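This is model22.txt. It holds compact mmCIF, C-alpha atoms.
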# COMPACT_ATOMS: atom_id res chain seq x y z
CA MET A 1 -84.53 -183.35 -68.31
CA PRO A 2 -84.21 -185.06 -64.99
CA SER A 3 -84.36 -182.85 -61.93
CA GLY A 4 -80.95 -181.93 -60.47
CA ALA A 5 -78.98 -182.71 -63.67
CA PRO A 6 -76.13 -180.25 -64.39
CA VAL A 7 -76.79 -177.76 -67.13
CA ASN A 8 -74.22 -177.52 -69.89
CA ALA A 9 -74.02 -177.19 -73.60
CA ARG A 10 -74.32 -180.89 -74.14
CA THR A 11 -77.59 -181.23 -72.22
CA LEU A 12 -79.16 -178.23 -74.01
CA PRO A 13 -79.13 -178.97 -77.69
CA GLY A 14 -79.88 -176.06 -79.91
CA MET A 15 -78.56 -173.34 -77.44
CA PRO A 16 -75.34 -171.46 -78.37
CA LEU A 17 -72.28 -171.89 -76.09
CA GLN A 18 -71.30 -168.60 -74.22
CA MET A 19 -67.59 -168.30 -73.32
CA MET A 20 -65.21 -165.34 -72.27
CA ASP A 21 -63.40 -163.81 -75.18
CA PRO A 22 -59.65 -163.80 -74.38
CA ASP A 23 -59.16 -160.70 -76.60
CA ASP A 24 -61.57 -158.57 -74.63
CA GLU A 25 -59.26 -155.96 -72.98
CA ASP A 26 -61.99 -154.40 -70.87
CA LEU A 27 -62.86 -157.68 -69.30
CA ARG A 28 -59.23 -158.65 -68.75
CA PHE A 29 -58.14 -155.38 -67.06
CA GLY A 30 -61.39 -155.25 -65.15
CA ALA A 31 -60.72 -158.67 -63.76
CA ARG A 32 -57.18 -157.62 -62.81
CA ARG A 33 -58.45 -154.49 -61.03
CA LEU A 34 -60.90 -156.56 -59.09
CA SER A 35 -58.31 -159.17 -58.14
CA GLU A 36 -55.37 -156.75 -57.19
CA PRO A 37 -55.50 -154.18 -54.31
CA ALA A 38 -54.87 -150.50 -55.15
CA GLY A 39 -51.24 -149.27 -54.40
CA PRO A 40 -50.13 -145.94 -52.76
CA TRP A 41 -50.47 -142.71 -54.73
CA TRP A 42 -46.72 -142.33 -55.27
CA ARG A 43 -46.59 -145.77 -56.91
CA PRO A 44 -49.34 -145.76 -59.51
CA SER A 45 -49.98 -149.07 -61.21
CA SER A 46 -51.05 -147.65 -64.55
CA THR A 47 -48.77 -146.03 -67.11
CA MET A 48 -50.88 -142.91 -67.23
CA GLY A 49 -50.60 -142.46 -63.46
CA ARG A 50 -46.84 -142.71 -63.58
CA VAL A 51 -46.67 -140.08 -66.31
CA PHE A 52 -48.80 -137.63 -64.32
CA LEU A 53 -46.71 -138.24 -61.18
CA GLY A 54 -43.44 -137.50 -63.03
CA LEU A 55 -44.84 -134.28 -64.50
CA GLY A 56 -45.96 -133.15 -61.08
CA ALA A 57 -42.49 -133.80 -59.59
CA LEU A 58 -40.81 -131.80 -62.35
CA ILE A 59 -43.15 -128.87 -61.79
CA VAL A 60 -42.45 -128.83 -58.03
CA LEU A 61 -38.68 -129.09 -58.53
CA GLY A 62 -38.67 -126.33 -61.13
CA THR A 63 -40.73 -124.05 -58.91
CA PHE A 64 -38.37 -124.62 -55.96
CA THR A 65 -35.25 -123.96 -58.07
CA ALA A 66 -36.73 -120.79 -59.48
CA GLY A 67 -37.59 -119.61 -55.97
CA VAL A 68 -34.06 -120.24 -54.71
CA LEU A 69 -32.54 -118.36 -57.63
CA ALA A 70 -34.90 -115.48 -57.11
CA VAL A 71 -34.05 -115.24 -53.40
CA LYS A 72 -30.31 -115.47 -54.13
CA SER A 73 -30.56 -112.76 -56.74
CA TYR A 74 -32.49 -110.56 -54.36
CA LEU A 75 -30.02 -111.03 -51.52
CA GLY A 76 -27.09 -110.43 -53.85
CA ARG A 77 -28.48 -107.09 -55.07
CA ASP A 78 -29.81 -105.87 -51.74
CA SER A 79 -27.48 -103.23 -50.30
CA ARG A 80 -28.42 -104.17 -46.75
CA PHE A 81 -26.19 -107.30 -47.02
CA ARG A 82 -23.05 -105.51 -48.26
CA ILE A 83 -19.99 -105.10 -46.00
CA ALA A 84 -19.60 -101.35 -45.84
CA GLY A 85 -16.12 -101.10 -44.28
CA ALA A 86 -13.54 -102.38 -41.78
CA GLY A 87 -15.92 -101.55 -38.93
CA ASN A 88 -18.12 -104.43 -40.09
CA ILE A 89 -15.33 -106.92 -39.24
CA GLU A 90 -15.62 -107.95 -35.57
CA ALA A 91 -12.75 -109.78 -33.87
CA SER A 92 -12.36 -111.38 -30.44
CA GLY A 93 -9.56 -113.23 -28.66
CA LEU A 94 -6.84 -110.84 -29.85
CA THR A 95 -3.90 -110.39 -27.46
CA GLU A 96 -0.67 -110.75 -29.40
CA VAL A 97 -2.37 -110.53 -32.80
CA SER A 98 -3.58 -107.05 -33.73
CA ARG A 99 -6.47 -105.96 -35.92
CA ALA A 100 -3.89 -104.52 -38.29
CA GLU A 101 -2.76 -108.09 -39.06
CA ILE A 102 -6.29 -109.41 -39.55
CA LEU A 103 -7.96 -106.67 -41.61
CA PRO A 104 -5.81 -107.12 -44.77
CA ILE A 105 -7.15 -110.67 -45.06
CA PHE A 106 -10.68 -109.25 -45.47
CA GLY A 107 -9.58 -106.32 -47.64
CA GLU A 108 -11.14 -107.65 -50.86
CA ASP A 109 -14.42 -108.36 -49.03
CA ILE A 110 -15.11 -104.68 -48.31
CA GLY A 111 -18.10 -103.74 -50.49
CA ARG A 112 -18.89 -107.40 -51.19
CA ASN A 113 -22.16 -109.09 -50.34
CA ILE A 114 -21.86 -110.97 -47.08
CA PHE A 115 -23.14 -114.20 -48.66
CA PHE A 116 -20.29 -114.21 -51.17
CA VAL A 117 -17.45 -114.11 -48.59
CA PRO A 118 -15.52 -117.46 -48.67
CA LEU A 119 -15.46 -118.21 -44.95
CA ASN A 120 -13.33 -121.37 -45.14
CA GLU A 121 -10.64 -119.65 -47.19
CA ARG A 122 -10.55 -116.72 -44.77
CA ARG A 123 -10.18 -119.12 -41.84
CA LYS A 124 -7.13 -120.77 -43.45
CA GLN A 125 -5.56 -117.37 -44.10
CA LEU A 126 -6.01 -116.38 -40.46
CA GLU A 127 -4.45 -119.62 -39.21
CA ALA A 128 -1.41 -118.93 -41.40
CA ILE A 129 -0.51 -116.09 -38.98
CA PRO A 130 2.15 -117.58 -36.62
CA TRP A 131 0.43 -116.46 -33.41
CA VAL A 132 -2.99 -117.88 -34.44
CA LEU A 133 -3.59 -121.46 -33.32
CA HIS A 134 -7.25 -121.69 -34.38
CA ALA A 135 -9.72 -119.27 -35.98
CA THR A 136 -13.49 -119.24 -36.54
CA VAL A 137 -15.19 -117.00 -39.14
CA MET A 138 -18.99 -116.49 -39.16
CA ARG A 139 -21.55 -114.37 -40.99
CA LEU A 140 -23.52 -112.05 -38.73
CA LEU A 141 -26.57 -110.84 -40.65
CA PRO A 142 -27.19 -108.51 -42.19
CA ASP A 143 -23.70 -107.09 -42.92
CA HIS A 144 -21.07 -108.14 -40.34
CA ILE A 145 -18.29 -110.76 -40.21
CA ARG A 146 -17.34 -112.12 -36.80
CA VAL A 147 -13.82 -113.54 -36.22
CA SER A 148 -12.87 -115.53 -33.10
CA VAL A 149 -9.17 -116.29 -32.56
CA VAL A 150 -7.39 -118.71 -30.22
CA GLU A 151 -3.74 -117.66 -29.89
CA ARG A 152 -0.66 -119.80 -29.30
CA HIS A 153 1.06 -119.84 -25.90
CA PRO A 154 4.88 -119.63 -25.79
CA VAL A 155 6.63 -122.21 -23.62
CA ALA A 156 10.30 -121.24 -24.07
CA PHE A 157 12.71 -118.66 -25.38
CA VAL A 158 14.37 -119.76 -28.59
CA ARG A 159 17.71 -118.56 -29.84
CA HIS A 160 18.58 -118.82 -33.51
CA GLY A 161 21.84 -117.11 -34.33
CA SER A 162 21.82 -113.78 -32.55
CA THR A 163 18.02 -113.54 -32.42
CA ILE A 164 16.01 -114.24 -29.28
CA GLY A 165 12.35 -115.16 -29.85
CA LEU A 166 9.64 -117.43 -28.48
CA VAL A 167 8.41 -120.90 -29.42
CA ASP A 168 5.26 -122.83 -28.55
CA ALA A 169 4.81 -126.53 -27.76
CA GLU A 170 4.40 -127.43 -31.46
CA GLY A 171 7.69 -125.83 -32.47
CA VAL A 172 6.10 -122.77 -34.11
CA LEU A 173 8.44 -119.78 -33.84
CA LEU A 174 6.82 -116.62 -32.48
CA SER A 175 8.28 -113.16 -32.87
CA MET A 176 7.77 -110.38 -30.34
CA PRO A 177 9.43 -106.98 -29.82
CA ALA A 178 11.95 -106.91 -26.99
CA ALA A 179 9.99 -104.25 -25.09
CA THR A 180 6.78 -106.30 -25.25
CA MET A 181 8.67 -109.43 -24.20
CA ALA A 182 9.97 -107.63 -21.13
CA GLN A 183 6.48 -106.41 -20.23
CA HIS A 184 5.16 -109.99 -20.21
CA HIS A 185 7.81 -111.00 -17.63
CA TYR A 186 8.29 -114.41 -19.26
CA SER A 187 10.47 -116.84 -17.29
CA PHE A 188 11.47 -119.73 -19.56
CA PRO A 189 14.65 -121.66 -20.29
CA VAL A 190 16.38 -120.74 -23.54
CA VAL A 191 16.08 -123.45 -26.20
CA THR A 192 18.53 -123.90 -29.06
CA GLY A 193 18.48 -126.36 -31.96
CA ILE A 194 15.06 -125.21 -33.24
CA ASP A 195 15.85 -124.20 -36.81
CA PRO A 196 13.05 -122.43 -38.72
CA ARG A 197 14.27 -124.15 -41.89
CA ASP A 198 13.50 -127.58 -40.45
CA PRO A 199 10.08 -129.18 -41.12
CA LEU A 200 7.43 -128.50 -38.51
CA ALA A 201 7.30 -132.22 -37.60
CA ALA A 202 11.02 -132.18 -36.66
CA ARG A 203 10.57 -129.06 -34.52
CA THR A 204 7.52 -130.62 -32.85
CA ALA A 205 9.55 -133.75 -31.94
CA ARG A 206 12.28 -131.63 -30.34
CA MET A 207 9.78 -129.61 -28.35
CA ALA A 208 8.13 -132.83 -27.16
CA VAL A 209 11.43 -133.73 -25.43
CA TYR A 210 11.48 -130.27 -23.85
CA GLU A 211 7.89 -130.66 -22.61
CA ARG A 212 8.61 -134.08 -21.07
CA MET A 213 11.69 -132.74 -19.30
CA LEU A 214 9.86 -129.79 -17.77
CA ALA A 215 6.90 -131.99 -16.80
CA GLU A 216 9.21 -134.33 -14.84
CA LEU A 217 11.26 -131.57 -13.22
CA ASP A 218 8.21 -129.54 -12.19
CA ALA A 219 6.11 -132.48 -10.95
CA ASN A 220 4.72 -132.20 -7.40
CA ASN A 221 5.28 -128.41 -7.46
CA GLN A 222 9.06 -128.78 -7.32
CA HIS A 223 9.73 -126.14 -10.05
CA LEU A 224 13.21 -127.53 -10.66
CA SER A 225 13.18 -126.26 -14.24
CA GLN A 226 13.76 -122.76 -12.88
CA GLN A 227 17.37 -123.77 -12.25
CA ILE A 228 18.00 -124.49 -15.94
CA SER A 229 19.43 -121.72 -18.09
CA GLU A 230 19.56 -123.30 -21.56
CA ILE A 231 18.58 -126.55 -23.29
CA ASP A 232 20.18 -127.63 -26.58
CA LEU A 233 17.73 -129.81 -28.57
CA THR A 234 19.83 -130.19 -31.71
CA ASP A 235 19.81 -133.95 -31.05
CA PRO A 236 16.32 -134.90 -29.78
CA GLN A 237 17.78 -138.10 -28.30
CA ASP A 238 20.17 -136.15 -26.08
CA ALA A 239 18.90 -133.03 -24.34
CA ARG A 240 22.02 -131.07 -23.40
CA VAL A 241 21.33 -128.72 -20.50
CA PHE A 242 23.48 -125.81 -19.36
CA MET A 243 23.39 -125.69 -15.57
CA PRO A 244 24.53 -122.42 -13.89
CA GLU A 245 27.16 -123.20 -11.25
CA GLN A 246 28.85 -120.28 -9.42
CA GLY A 247 29.35 -117.99 -12.36
CA SER A 248 29.98 -120.69 -15.00
CA ASP A 249 27.75 -123.11 -16.89
CA ILE A 250 28.19 -126.89 -16.75
CA LEU A 251 26.95 -128.82 -19.80
CA ALA A 252 24.89 -131.84 -18.65
CA HIS A 253 23.81 -134.61 -21.03
CA PHE A 254 20.32 -135.76 -19.97
CA GLY A 255 19.45 -138.08 -22.88
CA ASP A 256 15.76 -138.32 -23.73
CA ASP A 257 14.19 -139.86 -20.62
CA ARG A 258 14.52 -140.25 -16.80
CA PHE A 259 15.16 -136.53 -16.50
CA LEU A 260 14.27 -136.17 -12.81
CA GLU A 261 16.47 -139.07 -11.75
CA ARG A 262 19.46 -137.68 -13.68
CA TYR A 263 18.84 -134.17 -12.41
CA GLN A 264 18.86 -135.40 -8.80
CA ARG A 265 22.06 -137.34 -9.43
CA TYR A 266 23.69 -134.23 -10.88
CA LYS A 267 22.63 -131.97 -8.01
CA ALA A 268 23.70 -134.49 -5.38
CA HIS A 269 27.32 -134.63 -6.58
CA ILE A 270 28.11 -131.54 -8.65
CA ALA A 271 29.70 -129.75 -5.66
CA GLU A 272 31.97 -132.75 -5.03
CA TRP A 273 32.93 -133.04 -8.69
CA ARG A 274 33.69 -129.34 -9.01
CA GLN A 275 35.81 -129.40 -5.86
CA GLN A 276 37.83 -132.35 -7.13
CA TYR A 277 38.09 -131.16 -10.75
CA ALA A 278 38.51 -127.41 -11.12
CA LYS A 279 38.38 -127.63 -14.93
CA LEU A 280 35.08 -129.56 -15.07
CA ALA A 281 33.10 -128.49 -18.14
CA ALA A 282 30.51 -131.20 -18.88
CA VAL A 283 28.80 -134.17 -17.23
CA ASP A 284 27.34 -137.09 -19.18
CA LEU A 285 24.48 -138.62 -17.13
CA ARG A 286 23.19 -141.13 -19.69
CA TYR A 287 24.80 -144.22 -18.11
CA ASP A 288 23.42 -146.47 -15.38
CA SER A 289 26.42 -147.03 -13.13
CA GLN A 290 28.76 -144.18 -13.98
CA VAL A 291 28.90 -140.62 -15.15
CA VAL A 292 31.50 -139.21 -17.51
CA LEU A 293 33.13 -135.95 -16.43
CA GLU A 294 34.54 -133.89 -19.29
CA MET A 295 37.18 -131.24 -18.67
CA THR A 296 37.96 -128.05 -20.49
CA PRO A 297 39.95 -128.36 -23.75
CA GLY A 298 43.41 -129.80 -23.25
CA THR A 299 42.45 -132.33 -20.56
CA ASN A 300 40.91 -135.80 -20.69
CA ALA A 301 37.55 -137.16 -19.55
CA VAL A 302 37.08 -138.98 -16.23
CA ALA A 303 34.63 -141.79 -15.45
CA ALA A 304 33.03 -141.62 -11.99
CA ALA A 305 31.42 -144.90 -10.92
CA ILE A 306 28.11 -144.96 -9.05
CA GLY A 307 28.02 -147.05 -5.88
CA PRO A 308 25.65 -147.61 -2.94
CA SER A 309 27.66 -145.74 -0.30
CA GLY A 310 28.67 -142.11 -0.07
CA SER A 311 32.45 -142.47 0.15
CA THR A 312 34.75 -141.29 -2.63
CA THR A 313 38.06 -142.93 -3.42
CA THR A 314 40.67 -142.40 -6.08
CA ASP A 315 42.03 -145.42 -7.91
CA LEU A 316 44.51 -145.57 -10.77
CA ALA A 317 42.97 -148.81 -12.04
CA ALA A 318 40.72 -148.67 -15.04
CA VAL A 319 37.02 -148.18 -14.46
CA PRO A 320 34.92 -150.68 -16.51
CA PRO A 321 32.50 -149.01 -18.91
CA ALA A 322 28.91 -148.83 -17.77
CA LYS A 323 25.95 -149.92 -19.85
CA PRO A 324 23.75 -147.17 -21.29
CA SER A 325 20.60 -146.38 -19.38
CA ALA A 326 17.38 -148.09 -20.41
CA GLY A 327 15.57 -146.11 -23.03
CA THR A 328 18.70 -144.35 -24.35
CA THR A 329 18.54 -144.91 -28.07
CA LYS A 330 21.81 -143.20 -28.93
CA SER A 331 24.62 -145.14 -27.29
CA ILE A 332 28.21 -144.03 -26.80
CA PRO A 333 30.87 -146.61 -27.71
CA PRO A 334 33.15 -147.78 -24.89
CA PRO A 335 36.16 -145.46 -24.61
CA ALA A 336 39.52 -146.65 -25.93
CA PRO A 337 42.24 -147.05 -23.27
CA PRO A 338 44.54 -143.99 -23.45
CA LEU A 339 48.11 -143.62 -22.32
CA ALA A 340 48.55 -142.68 -18.69
CA ASP A 341 48.93 -139.04 -17.75
CA THR A 342 50.55 -137.72 -14.62
CA SER A 343 47.81 -135.10 -14.16
CA ALA A 344 44.98 -135.91 -11.79
CA ALA A 345 42.36 -135.04 -14.44
CA ALA A 346 43.62 -137.89 -16.65
CA GLN A 347 43.32 -140.56 -13.94
CA SER A 348 40.24 -142.75 -13.51
CA VAL A 349 38.25 -142.24 -10.35
CA LYS A 350 35.82 -144.61 -8.69
CA ALA A 351 33.40 -142.51 -6.69
CA GLU A 352 30.80 -144.28 -4.59
CA VAL A 353 27.74 -142.03 -4.52
CA LYS A 354 24.94 -141.60 -2.00
CA THR A 355 21.24 -141.80 -2.82
CA PRO A 356 20.26 -138.61 -4.69
CA VAL A 357 19.40 -135.89 -2.23
CA LYS A 358 16.99 -133.00 -2.50
CA ALA A 359 17.99 -130.43 -5.08
CA GLU A 360 19.67 -127.36 -3.69
CA ALA A 361 17.65 -124.19 -3.26
CA LYS A 362 17.43 -121.65 -6.02
CA THR A 363 20.05 -118.94 -5.75
CA PRO A 364 20.77 -115.85 -7.84
CA GLU A 365 23.62 -117.77 -9.51
CA ASN A 366 21.44 -120.64 -10.78
CA GLN A 367 18.26 -118.85 -11.64
CA VAL A 368 16.71 -119.53 -15.04
CA ALA A 369 17.62 -117.20 -17.86
CA ALA A 370 14.64 -114.92 -18.17
CA VAL A 371 13.74 -111.48 -19.40
CA LYS A 372 12.87 -109.38 -16.36
CA PRO A 373 11.00 -106.09 -16.55
CA THR A 374 13.44 -103.24 -16.34
CA ALA A 375 13.28 -99.51 -16.73
CA PRO A 376 12.17 -98.34 -20.20
CA SER A 377 15.68 -97.15 -21.00
CA THR A 378 17.30 -100.51 -20.20
CA ARG A 379 14.80 -103.08 -21.51
CA GLU A 380 16.43 -103.57 -24.87
CA ALA A 381 19.85 -103.64 -23.22
CA ALA A 382 18.67 -106.48 -20.95
CA ILE A 383 17.49 -108.54 -23.92
CA GLU A 384 20.75 -107.93 -25.77
CA ALA A 385 22.73 -108.98 -22.69
CA LEU A 386 20.75 -112.22 -22.54
CA ALA A 387 21.45 -112.91 -26.20
CA ALA A 388 25.17 -112.22 -25.72
CA LYS A 389 25.33 -114.58 -22.76
CA GLN A 390 23.64 -117.37 -24.69
CA ARG A 391 25.91 -116.86 -27.70
CA ALA A 392 28.95 -117.23 -25.44
CA ALA A 393 27.53 -120.42 -23.92
CA HIS A 394 26.88 -121.87 -27.36
CA GLU A 395 30.41 -121.09 -28.51
CA ARG A 396 31.80 -122.66 -25.34
CA ALA A 397 29.79 -125.83 -25.99
CA ALA A 398 31.15 -125.97 -29.54
CA ARG A 399 34.73 -125.70 -28.28
CA LEU A 400 34.09 -128.46 -25.75
CA LYS A 401 32.72 -130.71 -28.44
CA ALA A 402 35.73 -130.11 -30.70
CA ALA A 403 38.13 -130.79 -27.84
CA HIS A 404 36.27 -133.95 -26.94
CA GLN A 405 36.52 -135.27 -30.49
CA LYS A 406 40.23 -134.47 -30.55
CA ALA A 407 40.74 -136.36 -27.28
CA LEU A 408 38.90 -139.36 -28.68
CA LYS A 409 41.20 -139.45 -31.71
CA LYS A 410 44.23 -139.25 -29.43
CA LYS A 411 42.94 -142.10 -27.28
CA HIS A 412 42.22 -144.20 -30.34
CA ALA A 413 45.79 -143.73 -31.53
CA ALA A 414 47.05 -144.70 -28.08
CA SER A 415 44.87 -147.80 -28.14
CA GLN A 416 46.31 -148.87 -31.47
CA HIS A 417 49.82 -148.29 -30.11
CA THR A 418 49.11 -150.44 -27.06
CA ALA A 419 47.64 -153.20 -29.22
CA ALA A 420 50.73 -153.15 -31.42
CA LEU A 421 52.97 -153.50 -28.35
CA ASN A 422 50.92 -156.44 -27.07
CA ALA A 423 51.03 -158.14 -30.44
CA SER A 424 54.80 -157.78 -30.68
CA GLY A 425 55.31 -159.07 -27.13
CA ALA A 426 57.08 -155.92 -26.02
CA LYS A 427 56.56 -154.86 -22.43
CA PRO A 428 54.97 -151.41 -22.14
CA SER A 429 56.95 -148.77 -20.36
CA THR A 430 56.01 -147.47 -16.94
CA ARG A 431 54.21 -144.49 -18.54
CA THR A 432 51.78 -146.62 -20.59
CA SER A 433 49.51 -147.88 -17.82
CA VAL A 434 45.96 -147.86 -19.20
CA THR A 435 43.18 -145.80 -17.64
CA GLN A 436 39.53 -145.78 -18.43
CA GLY A 437 37.96 -142.58 -19.71
CA GLN A 438 35.74 -141.06 -22.27
What's the structure tokens form of this structure?
Amino acid sequence: MPSGAPVNARTLPGMPLQMMDPDDEDLRFGARRLSEPAGPWWRPSSTMGRVFLGLGALIVLGTFTAGVLAVKSYLGRDSRFRIAGAGNIEASGLTEVSRAEILPIFGEDIGRNIFFVPLNERRKQLEAIPWVLHATVMRLLPDHIRVSVVERHPVAFVRHGSTIGLVDAEGVLLSMPAATMAQHHYSFPVVTGIDPRDPLAARTARMAVYERMLAELDANNQHLSQQISEIDLTDPQDARVFMPEQGSDILAHFGDDRFLERYQRYKAHIAEWRQQYAKLAAVDLRYDSQVVLEMTPGTNAVAAAIGPSGSTTTDLAAVPPAKPSAGTTKSIPPPAPPLADTSAAAQSVKAEVKTPVKAEAKTPENQVAAVKPTAPSTREAAIEALAAKQRAAHERAARLKAAHQKALKKKHAASQHTAALNASGAKPSTRTSVTQGQ
């Protein structure tokens, strides 16, 4: 054989050919183990490794579960974790809510293991109490329950029927004994139109109007809301305010915005209006260039125009209707022209008005309706007197509204009569000169 020739089966006759058997499993897996790197222990490459890993995981999980069950059983049977009595219920933040109102909620937990008390359910039950705004319930090992309460804050008196109560900013009605109410020396306006039968969302919307009004009137430490006795929020788009004026209340329509501007306009001219119209009962401030003065039942409304100067003149000509103020969503239709009346209250008046001046100082006659602390023997009498006064004011407002609707019907009939005369070509008599009013 020449030197350097390759050795193979062909060059070596008589020698058997040696080749790898493809069916040899040991050789095949051995070659694979040599060619592939070993993986992490939690990802075994062989079937047997995966089986052992699964069995180990099951054993660990079973041991952990058994331990948890054993601990739970031990804690459940151990008397050290049982709530022995009402003294194990701790409460903080209680002012208007008493322990007597809270303890019945945890009545079925007395004698129960502390770990079996449903804390979330107890929290919801506590927040169902009207005075409770927010509650927190915690376990205090080994055998105490701690309750922390945040109470609601009243922002106004509320009158529903003959009952005087309190209400918070969300429209939640709060009850309080008259003696306790007097001790707190609350000084709020009285709010009507908050019906407990209405949904909470509707009451919240009405109270939002009340909050905006007081925020505007009390801005810059003016405290003008102290001169308001009652606010009717039956229509949230028209806050009707009863303003005390020398022994009588004037009903003022403030709408739902621009409260400070309308209040200043009212205060700047109410003395003039009352001097000119002795039977003035209501003032509608929801218009840009005029206010509507409403008289007591039996008389008509008068439109007073707003001008740049401070002079006041009386004119028998009709006053053109003003456009509603921006933001007023509930508009009042233009008044129909009524027949002329010889009384001064039925005549239209154009009153040029000065720039609103500073609101007059607080006097005993225009102080806010509030419950003042009195002697123990007269506290309940003071609350009852307040309720009687507000009932009378509400009845007076209802009579004014009925009279106003009656006057509108009369004016509408007069308008139809005038239109019929114009259509027929007949000349109106000297007593049918048209005035503007509402």
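Excluding A:Ser225 itself and same-chain residues fewer than 5 positions from it, the residues having an atom within 7 Å of it are Leu214, Leu217 and Asp218 of chain A, counting all atoms listed in the file.
When atom CA of A:Pro297 is paired with atom CA of A:Ala392, their separation reads 15.7 Å.
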Next on the checklist: So that I can see what lies close to A:Gly165, please list as a list in words the residues with an atom at most 10 Å from it, counting all atoms listed in the file and leaving out residues fewer than 6 positions away in the same chain.
Outcome noted: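 With the cut-off at 10 Å, the set is Pro154, Ala156, Phe157, Val158, Arg159, Leu173, Leu174, Ser175, Met176, Pro177, Ala178, Met181, Val190 and Val191 of chain A.
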Checklist entry - Looking at only C-alpha atoms, which of A:Phe242, A:Tyr287, A:Tyr210, A:Phe52 is the one that sits closest to A:Arg396? => result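 Going through A:Phe242, A:Tyr287, A:Tyr210, A:Phe52 one by one, the smallest distance to A:Arg396 is for A:Phe242.
The space separating atom CA of A:Thr65 from atom CA of A:Met138 comes to 26.0 Å.
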Next on the checklist: Between atom CA of A:Pro130 and atom CA of A:Tyr186, what distance in Å does the model show, to one decimal?
Outcome noted: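 Distance reported for this atom pair: 18.7 Å.
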Checklist entry - At a cut-off of 9 Å from (18.8, -131.1, -20.1) in the coordinates of the file, what residues are picked up using all atoms listed in the file, written as an MDAnalysis selection string? => result chainID A and resid 210 213 228 230:233 238:243 251:256 259 263
For stretch 95-108 of chain A, supply N, CA and C atoms and format the output as a compact mmCIF listing (two decimals), in the frame of the given file.
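Listing of selection_34.txt after writing:
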# COMPACT_ATOMS: atom_id res chain seq x y z
N THR A 95 -4.83 -110.88 -28.48
CA THR A 95 -3.90 -110.39 -27.46
C THR A 95 -2.58 -110.02 -28.10
N GLU A 96 -1.92 -111.00 -28.70
CA GLU A 96 -0.67 -110.75 -29.40
C GLU A 96 -0.89 -110.43 -30.87
N VAL A 97 -2.01 -110.85 -31.42
CA VAL A 97 -2.37 -110.53 -32.80
C VAL A 97 -3.19 -109.25 -32.79
N SER A 98 -2.88 -108.33 -33.66
CA SER A 98 -3.58 -107.05 -33.73
C SER A 98 -4.58 -107.05 -34.88
N ARG A 99 -5.51 -106.11 -34.82
CA ARG A 99 -6.47 -105.96 -35.92
C ARG A 99 -5.76 -105.59 -37.22
N ALA A 100 -4.64 -104.90 -37.09
CA ALA A 100 -3.89 -104.52 -38.29
C ALA A 100 -3.39 -105.74 -39.06
N GLU A 101 -3.18 -106.87 -38.38
CA GLU A 101 -2.76 -108.09 -39.06
C GLU A 101 -3.95 -108.84 -39.66
N ILE A 102 -5.12 -108.66 -39.09
CA ILE A 102 -6.29 -109.41 -39.55
C ILE A 102 -7.02 -108.71 -40.69
N LEU A 103 -7.15 -107.39 -40.62
CA LEU A 103 -7.96 -106.67 -41.61
C LEU A 103 -7.50 -106.85 -43.05
N PRO A 104 -6.17 -106.90 -43.36
CA PRO A 104 -5.81 -107.12 -44.77
C PRO A 104 -6.35 -108.41 -45.36
N ILE A 105 -6.60 -109.41 -44.54
CA ILE A 105 -7.15 -110.67 -45.06
C ILE A 105 -8.55 -110.46 -45.61
N PHE A 106 -9.32 -109.52 -45.02
CA PHE A 106 -10.68 -109.25 -45.47
C PHE A 106 -10.75 -108.01 -46.36
N GLY A 107 -9.58 -107.55 -46.85
CA GLY A 107 -9.58 -106.32 -47.64
C GLY A 107 -10.42 -106.42 -48.89
N GLU A 108 -10.36 -107.52 -49.62
CA GLU A 108 -11.14 -107.65 -50.86
C GLU A 108 -12.62 -107.91 -50.60
